[in-house]
file entry-v9.cif (mmCIF, C-alpha atoms)
data_run
loop_
_atom_site.group_PDB
_atom_site.id
_atom_site.type_symbol
_atom_site.label_atom_id
_atom_site.label_comp_id
_atom_site.auth_asym_id
_atom_site.auth_seq_id
_atom_site.Cartn_x
_atom_site.Cartn_y
_atom_site.Cartn_z
ATOM 1 C CA MET A 1 125.982 -35.985 45.781
ATOM 2 C CA ILE A 2 122.418 -37.286 45.398
ATOM 3 C CA PHE A 3 123.678 -40.872 45.573
ATOM 4 C CA VAL A 4 125.511 -40.173 48.830
ATOM 5 C CA ILE A 5 122.289 -38.781 50.321
ATOM 6 C CA THR A 6 120.163 -41.700 49.123
ATOM 7 C CA GLY A 7 122.760 -44.075 50.572
ATOM 8 C CA CYS A 8 122.347 -42.282 53.905
ATOM 9 C CA LEU A 9 118.590 -42.878 53.745
ATOM 10 C CA ALA A 10 119.304 -46.627 53.648
ATOM 11 C CA PHE A 11 120.409 -46.413 57.275
ATOM 12 C CA VAL A 12 117.070 -44.839 58.215
ATOM 13 C CA LEU A 13 115.411 -47.951 56.775
ATOM 14 C CA PHE A 14 117.811 -50.205 58.733
ATOM 15 C CA TYR A 15 116.893 -48.271 61.888
ATOM 16 C CA ILE A 16 113.177 -48.806 61.180
ATOM 17 C CA PHE A 17 113.865 -52.536 60.781
ATOM 18 C CA ASP A 18 115.493 -52.690 64.235
ATOM 19 C CA LEU A 19 112.880 -50.450 65.829
ATOM 20 C CA ASN A 20 110.226 -52.830 64.526
ATOM 21 C CA LYS A 21 111.863 -55.723 66.413
ATOM 22 C CA VAL A 22 111.706 -53.742 69.655
ATOM 23 C CA LYS A 23 108.438 -51.858 69.385
ATOM 24 C CA PHE A 24 105.991 -52.676 66.583
ATOM 25 C CA ARG A 25 106.729 -56.329 65.757
ATOM 26 C CA LYS A 26 104.970 -56.185 62.380
ATOM 27 C CA ARG A 27 106.308 -58.656 59.848
ATOM 28 C CA GLY A 28 105.580 -56.326 56.920
ATOM 29 C CA ILE A 29 107.967 -53.694 58.293
ATOM 30 C CA ASN A 30 110.849 -56.166 57.876
ATOM 31 C CA ILE A 31 110.875 -55.176 54.202
ATOM 32 C CA SER A 32 112.615 -51.986 55.309
ATOM 33 C CA PHE A 33 115.869 -53.951 55.683
ATOM 34 C CA VAL A 34 115.697 -55.214 52.090
ATOM 35 C CA ALA A 35 114.702 -51.731 50.901
ATOM 36 C CA GLY A 36 117.714 -50.283 52.721
ATOM 37 C CA ILE A 37 120.055 -52.757 51.038
ATOM 38 C CA ALA A 38 118.502 -51.945 47.660
ATOM 39 C CA LEU A 39 118.867 -48.199 48.241
ATOM 40 C CA LEU A 40 122.510 -48.565 49.286
ATOM 41 C CA SER A 41 123.210 -50.831 46.295
ATOM 42 C CA VAL A 42 121.607 -48.414 43.823
ATOM 43 C CA SER A 43 123.501 -45.513 45.388
ATOM 44 C CA THR A 44 126.802 -47.394 45.113
ATOM 45 C CA ALA A 45 126.111 -48.363 41.490
ATOM 46 C CA GLY A 46 125.114 -44.776 40.701
ATOM 47 C CA ILE A 47 128.468 -43.510 41.911
ATOM 48 C CA LEU A 48 130.385 -46.273 40.121
ATOM 49 C CA LEU A 49 128.622 -45.579 36.828
ATOM 50 C CA GLY A 50 128.573 -41.797 37.218
ATOM 51 C CA ASP A 51 131.017 -39.353 35.720
ATOM 52 C CA TYR A 52 132.950 -38.245 38.800
ATOM 53 C CA GLU A 53 136.474 -36.901 39.094
ATOM 54 C CA GLY A 54 139.164 -39.158 40.362
ATOM 55 C CA PHE A 55 142.484 -40.797 39.635
ATOM 56 C CA ASP A 56 143.741 -43.648 37.529
ATOM 57 C CA LEU A 57 145.894 -46.554 38.710
ATOM 58 C CA SER A 58 147.736 -49.216 36.773
ATOM 59 C CA ILE A 59 145.632 -52.113 35.535
ATOM 60 C CA THR A 60 147.411 -54.449 37.968
ATOM 61 C CA LEU A 61 146.469 -52.309 40.964
ATOM 62 C CA LYS A 62 142.919 -51.872 39.673
ATOM 63 C CA ILE A 63 142.498 -55.650 39.383
ATOM 64 C CA LEU A 64 143.956 -56.132 42.863
ATOM 65 C CA PHE A 65 141.604 -53.552 44.400
ATOM 66 C CA TRP A 66 138.575 -54.918 42.516
ATOM 67 C CA LEU A 67 139.393 -58.399 43.853
ATOM 68 C CA LEU A 68 139.841 -57.083 47.387
ATOM 69 C CA SER A 69 136.522 -55.210 47.160
ATOM 70 C CA ILE A 70 134.771 -58.401 45.991
ATOM 71 C CA VAL A 71 136.332 -60.405 48.839
ATOM 72 C CA SER A 72 135.276 -57.711 51.324
ATOM 73 C CA LEU A 73 131.734 -57.727 49.915
ATOM 74 C CA PHE A 74 131.605 -61.515 50.167
ATOM 75 C CA MET A 75 132.783 -61.343 53.796
ATOM 76 C CA LEU A 76 130.170 -58.658 54.544
ATOM 77 C CA LEU A 77 127.388 -60.761 53.031
ATOM 78 C CA TYR A 78 128.624 -63.870 54.831
ATOM 79 C CA THR A 79 128.752 -61.993 58.148
ATOM 80 C CA LEU A 80 125.231 -60.607 57.812
ATOM 81 C CA PHE A 81 123.426 -63.488 56.136
ATOM 82 C CA ALA A 82 125.266 -66.770 56.794
ATOM 83 C CA ALA A 83 126.911 -66.289 60.186
ATOM 84 C CA LEU A 84 123.550 -65.425 61.747
ATOM 85 C CA PRO A 85 120.372 -67.503 61.717
ATOM 86 C CA PHE A 86 118.799 -65.902 58.639
ATOM 87 C CA GLY A 87 115.108 -66.574 59.299
ATOM 88 C CA ALA A 88 115.169 -65.484 62.926
ATOM 89 C CA THR A 89 117.259 -62.411 62.163
ATOM 90 C CA TYR A 90 115.541 -61.059 59.049
ATOM 91 C CA GLY A 91 112.267 -62.915 58.585
ATOM 92 C CA LYS A 92 110.508 -62.761 61.925
ATOM 93 C CA ALA A 93 109.070 -59.649 63.494
ATOM 94 C CA GLU A 94 109.713 -61.056 66.964
ATOM 95 C CA PRO A 95 113.055 -60.405 68.631
ATOM 96 C CA ALA A 96 115.874 -62.916 68.286
ATOM 97 C CA ASN A 97 116.237 -65.052 71.376
ATOM 98 C CA THR A 98 119.879 -66.019 71.541
ATOM 99 C CA VAL A 99 123.166 -64.294 70.961
ATOM 100 C CA VAL A 100 125.585 -65.554 68.301
ATOM 101 C CA ASP A 101 129.045 -65.467 69.895
ATOM 102 C CA ARG A 102 131.122 -67.673 67.609
ATOM 103 C CA GLY A 103 132.739 -67.324 64.212
ATOM 104 C CA MET A 104 132.765 -63.745 62.993
ATOM 105 C CA TYR A 105 130.817 -62.713 66.074
ATOM 106 C CA ALA A 106 133.622 -63.937 68.363
ATOM 107 C CA LEU A 107 135.905 -61.446 66.615
ATOM 108 C CA CYS A 108 133.832 -58.382 67.554
ATOM 109 C CA ARG A 109 130.174 -57.566 68.142
ATOM 110 C CA HIS A 110 129.713 -55.819 64.788
ATOM 111 C CA PRO A 111 132.105 -57.422 62.274
ATOM 112 C CA GLY A 112 129.940 -56.302 59.360
ATOM 113 C CA VAL A 113 131.194 -52.739 59.912
ATOM 114 C CA ILE A 114 134.776 -53.877 59.320
ATOM 115 C CA TRP A 115 133.909 -55.557 56.014
ATOM 116 C CA PHE A 116 131.677 -52.621 55.022
ATOM 117 C CA PHE A 117 134.601 -50.239 55.540
ATOM 118 C CA PHE A 118 137.026 -52.393 53.552
ATOM 119 C CA PHE A 119 134.505 -52.888 50.741
ATOM 120 C CA TYR A 120 134.159 -49.143 50.208
ATOM 121 C CA LEU A 121 137.875 -48.481 50.701
ATOM 122 C CA PHE A 122 138.833 -50.993 48.008
ATOM 123 C CA LEU A 123 135.942 -49.920 45.770
ATOM 124 C CA TRP A 124 137.230 -46.354 45.910
ATOM 125 C CA LEU A 125 140.770 -47.475 45.068
ATOM 126 C CA ALA A 126 139.531 -49.742 42.259
ATOM 127 C CA SER A 127 137.261 -47.121 40.693
ATOM 128 C CA GLY A 128 139.477 -44.134 41.417
ATOM 129 C CA LYS A 129 136.367 -42.007 42.000
ATOM 130 C CA THR A 130 136.650 -39.354 44.684
ATOM 131 C CA MET A 131 132.867 -39.470 45.209
ATOM 132 C CA MET A 132 133.181 -43.151 46.178
ATOM 133 C CA MET A 133 135.723 -42.182 48.835
ATOM 134 C CA ARG A 134 133.365 -39.500 50.190
ATOM 135 C CA ALA A 135 130.410 -41.883 50.183
ATOM 136 C CA GLY A 136 132.470 -44.609 51.865
ATOM 137 C CA ILE A 137 133.582 -42.284 54.655
ATOM 138 C CA ILE A 138 130.091 -40.876 55.244
ATOM 139 C CA TRP A 139 128.337 -44.249 55.074
ATOM 140 C CA THR A 140 130.900 -45.924 57.328
ATOM 141 C CA ALA A 141 130.532 -43.124 59.896
ATOM 142 C CA ILE A 142 126.742 -43.511 59.795
ATOM 143 C CA ASN A 143 127.127 -47.288 60.021
ATOM 144 C CA ILE A 144 129.261 -46.936 63.166
ATOM 145 C CA PHE A 145 126.640 -44.635 64.707
ATOM 146 C CA TYR A 146 123.905 -47.075 63.675
ATOM 147 C CA VAL A 147 125.593 -50.118 65.263
ATOM 148 C CA TYR A 148 126.271 -48.046 68.382
ATOM 149 C CA ILE A 149 122.500 -47.532 68.695
ATOM 150 C CA GLU A 150 121.927 -51.255 68.079
ATOM 151 C CA ASP A 151 124.543 -52.186 70.657
ATOM 152 C CA ARG A 152 123.369 -49.740 73.303
ATOM 153 C CA TRP A 153 119.578 -49.946 73.048
ATOM 154 C CA PHE A 154 118.189 -52.410 70.515
ATOM 155 C CA PHE A 155 120.178 -55.623 70.972
ATOM 156 C CA PRO A 156 120.103 -55.691 74.807
ATOM 157 C CA ALA A 157 116.311 -55.388 74.538
ATOM 158 C CA ILE A 158 115.804 -58.154 71.964
ATOM 159 C CA ILE A 159 118.665 -60.658 72.371
ATOM 160 C CA ASN A 160 118.920 -62.792 75.489
ATOM 161 C CA GLY A 161 122.419 -62.748 76.957
ATOM 162 C CA TYR A 162 123.553 -59.699 75.000
ATOM 163 C CA ASP A 163 124.872 -57.892 78.092
ATOM 164 C CA VAL A 164 127.111 -60.871 78.916
ATOM 165 C CA TYR A 165 128.231 -60.999 75.273
ATOM 166 C CA LYS A 166 129.093 -57.280 75.465
ATOM 167 C CA SER A 167 131.343 -57.921 78.450
ATOM 168 C CA LYS A 168 133.294 -60.648 76.617
ATOM 169 C CA VAL A 169 133.575 -59.460 73.001
ATOM 170 C CA PRO A 170 134.918 -56.076 71.798
ATOM 171 C CA PHE A 171 132.568 -53.602 70.130
ATOM 172 C CA LEU A 172 134.278 -52.983 66.748
ATOM 173 C CA ILE A 173 138.025 -53.445 67.000
ATOM 174 C CA PRO A 174 139.119 -57.071 67.547
ATOM 175 C CA ASN A 175 141.661 -57.692 70.285
ATOM 176 C CA SER A 176 144.145 -60.543 70.679
ATOM 177 C CA ALA A 177 141.740 -62.626 72.791
ATOM 178 C CA SER A 178 138.869 -62.262 70.327
ATOM 179 C CA ILE A 179 141.140 -63.045 67.383
ATOM 180 C CA LYS A 180 142.342 -66.197 69.164
ATOM 181 C CA LYS A 181 138.771 -67.231 69.975
ATOM 182 C CA CYS A 182 137.687 -66.645 66.389
ATOM 183 C CA GLY A 183 140.753 -68.426 65.009
ATOM 184 C CA ALA A 184 140.470 -71.384 67.393
ATOM 185 C CA LEU A 185 137.218 -72.582 65.892
ATOM 186 C CA LYS A 186 137.072 -75.902 64.141
ATOM 187 C CA GLN A 187 136.084 -76.038 60.508
ATOM 188 C CA GLY A 188 132.294 -75.958 60.298
ATOM 189 C CA ASP A 189 131.983 -73.850 63.475
ATOM 190 C CA TRP A 190 131.920 -70.523 61.628
ATOM 191 C CA ARG A 191 128.196 -70.329 61.867
#
call {"tool": "encode", "arguments": {"input": "entry-v9.cif", "output": "structure tokens"}}
result
Amino acid sequence: MIFVITGCLAFVLFYIFDLNKVKFRKRGINISFVAGIALLSVSTAGILLGDYEGFDLSITLKILFWLLSIVSLFMLLYTLFAALPFGATYGKAEPANTVVDRGMYALCRHPGVIWFFFFYLFLWLASGKTMMMRAGIIWTAINIFYVYIEDRWFFPAIINGYDVYKSKVPFLIPNSASIKKCGALKQGDWR
């Protein structure tokens, strides 16, 4: 259970990162985002490598679920680090100036939550560890609460045009219009 708790602490560090953009604007505090990712990664690895009860699937299903978890992780990393302007989002202490409303961010306002959920779902199925399922549920719930705070208070304060973006793009669950807008992009427009 210690790994589940330390994974929860990662979201405190993510919150500090966002709070810094709104209030303190100190570049050194941006390290809290990287520290949060490291804490969540170590917590995930700790559960994967730990001796927890669970179930066993056929090798074919295990391979399938491992592949799906890797694809989900890749999509999560792409959404957070390639679909957004990296330097302005994670490197500067000043707020971002413009909203990103294309590619993944035409689908919904927080597409990273979708890929986060699928990563932990498939990781649980691949590993068969009940503790991974518990961690995935708890961390996804905290992630949803975290992006709610971002969406309600942080992003409208630091991203120009965010209120208009909110009126056009769904919060977490894509709808038919957002799927069409996301799917209608030309190759190379994903960023």
call {"tool": "residues_around", "arguments": {"input": "entry-v9.cif", "residues": "Pro111 in chain A", "least_positions_apart": "2", "cutoff": "10 Å", "atoms": "all atoms listed in the file", "output": "PDB file with C-alpha atoms, keeping the file's coordinate frame"}}
result
ATOM      1  CA  MET A  75     132.783 -61.343  53.796  1.00  0.00           C
ATOM      2  CA  LEU A  76     130.170 -58.658  54.544  1.00  0.00           C
ATOM      3  CA  THR A  79     128.752 -61.993  58.148  1.00  0.00           C
ATOM      4  CA  LEU A  80     125.231 -60.607  57.812  1.00  0.00           C
ATOM      5  CA  MET A 104     132.765 -63.745  62.993  1.00  0.00           C
ATOM      6  CA  TYR A 105     130.817 -62.713  66.074  1.00  0.00           C
ATOM      7  CA  ALA A 106     133.622 -63.937  68.363  1.00  0.00           C
ATOM      8  CA  LEU A 107     135.905 -61.446  66.615  1.00  0.00           C
ATOM      9  CA  CYS A 108     133.832 -58.382  67.554  1.00  0.00           C
ATOM     10  CA  ARG A 109     130.174 -57.566  68.142  1.00  0.00           C
ATOM     11  CA  VAL A 113     131.194 -52.739  59.912  1.00  0.00           C
ATOM     12  CA  ILE A 114     134.776 -53.877  59.320  1.00  0.00           C
ATOM     13  CA  TRP A 115     133.909 -55.557  56.014  1.00  0.00           C
ATOM     14  CA  PHE A 116     131.677 -52.621  55.022  1.00  0.00           C
ATOM     15  CA  PHE A 171     132.568 -53.602  70.130  1.00  0.00           C
ATOM     16  CA  LEU A 172     134.278 -52.983  66.748  1.00  0.00           C
ATOM     17  CA  ILE A 173     138.025 -53.445  67.000  1.00  0.00           C
ATOM     18  CA  PRO A 174     139.119 -57.071  67.547  1.00  0.00           C
TER      19      PRO A 174
END
call {"tool": "atom_distance", "arguments": {"input": "entry-v9.cif", "atom1": "CA of Asn143 in chain A", "atom2": "CA of Lys181 in chain A"}}
result
25.1 Å
call {"tool": "resolve_selection", "arguments": {"input": "entry-v9.cif", "expression": "the PyMOL selection byres ((chain A and resi 145) around 12)", "output": "list in words"}}
result
Cys8, Phe11, Val12, Tyr15, His110, Val113, Ile138, Trp139, Thr140, Ala141, Ile142, Asn143, Ile144, Tyr146, Val147, Tyr148, Ile149, Glu150, Asp151, Arg152 and Leu172 of chain A
call {"tool": "atom_distance", "arguments": {"input": "entry-v9.cif", "atom1": "CA of Phe55 in chain A", "atom2": "CA of Ser69 in chain A"}}
result
17.3 Å
call {"tool": "residues_near_point", "arguments": {"input": "entry-v9.cif", "point": "(141.5, -56.8, 43.4)", "cutoff": "12 Å", "atoms": "all atoms listed in the file", "output": "mmCIF file with C-alpha atoms, in the coordinates of the input"}}
result
data_model
loop_
_atom_site.group_PDB
_atom_site.id
_atom_site.type_symbol
_atom_site.label_atom_id
_atom_site.label_comp_id
_atom_site.auth_asym_id
_atom_site.auth_seq_id
_atom_site.Cartn_x
_atom_site.Cartn_y
_atom_site.Cartn_z
ATOM 1 C CA SER A 58 147.736 -49.216 36.773
ATOM 2 C CA ILE A 59 145.632 -52.113 35.535
ATOM 3 C CA THR A 60 147.411 -54.449 37.968
ATOM 4 C CA LEU A 61 146.469 -52.309 40.964
ATOM 5 C CA LYS A 62 142.919 -51.872 39.673
ATOM 6 C CA ILE A 63 142.498 -55.650 39.383
ATOM 7 C CA LEU A 64 143.956 -56.132 42.863
ATOM 8 C CA PHE A 65 141.604 -53.552 44.400
ATOM 9 C CA TRP A 66 138.575 -54.918 42.516
ATOM 10 C CA LEU A 67 139.393 -58.399 43.853
ATOM 11 C CA LEU A 68 139.841 -57.083 47.387
ATOM 12 C CA SER A 69 136.522 -55.210 47.160
ATOM 13 C CA ILE A 70 134.771 -58.401 45.991
ATOM 14 C CA VAL A 71 136.332 -60.405 48.839
ATOM 15 C CA SER A 72 135.276 -57.711 51.324
ATOM 16 C CA LEU A 73 131.734 -57.727 49.915
ATOM 17 C CA PHE A 118 137.026 -52.393 53.552
ATOM 18 C CA PHE A 119 134.505 -52.888 50.741
ATOM 19 C CA LEU A 121 137.875 -48.481 50.701
ATOM 20 C CA PHE A 122 138.833 -50.993 48.008
ATOM 21 C CA LEU A 123 135.942 -49.920 45.770
ATOM 22 C CA TRP A 124 137.230 -46.354 45.910
ATOM 23 C CA LEU A 125 140.770 -47.475 45.068
ATOM 24 C CA ALA A 126 139.531 -49.742 42.259
ATOM 25 C CA SER A 127 137.261 -47.121 40.693
#
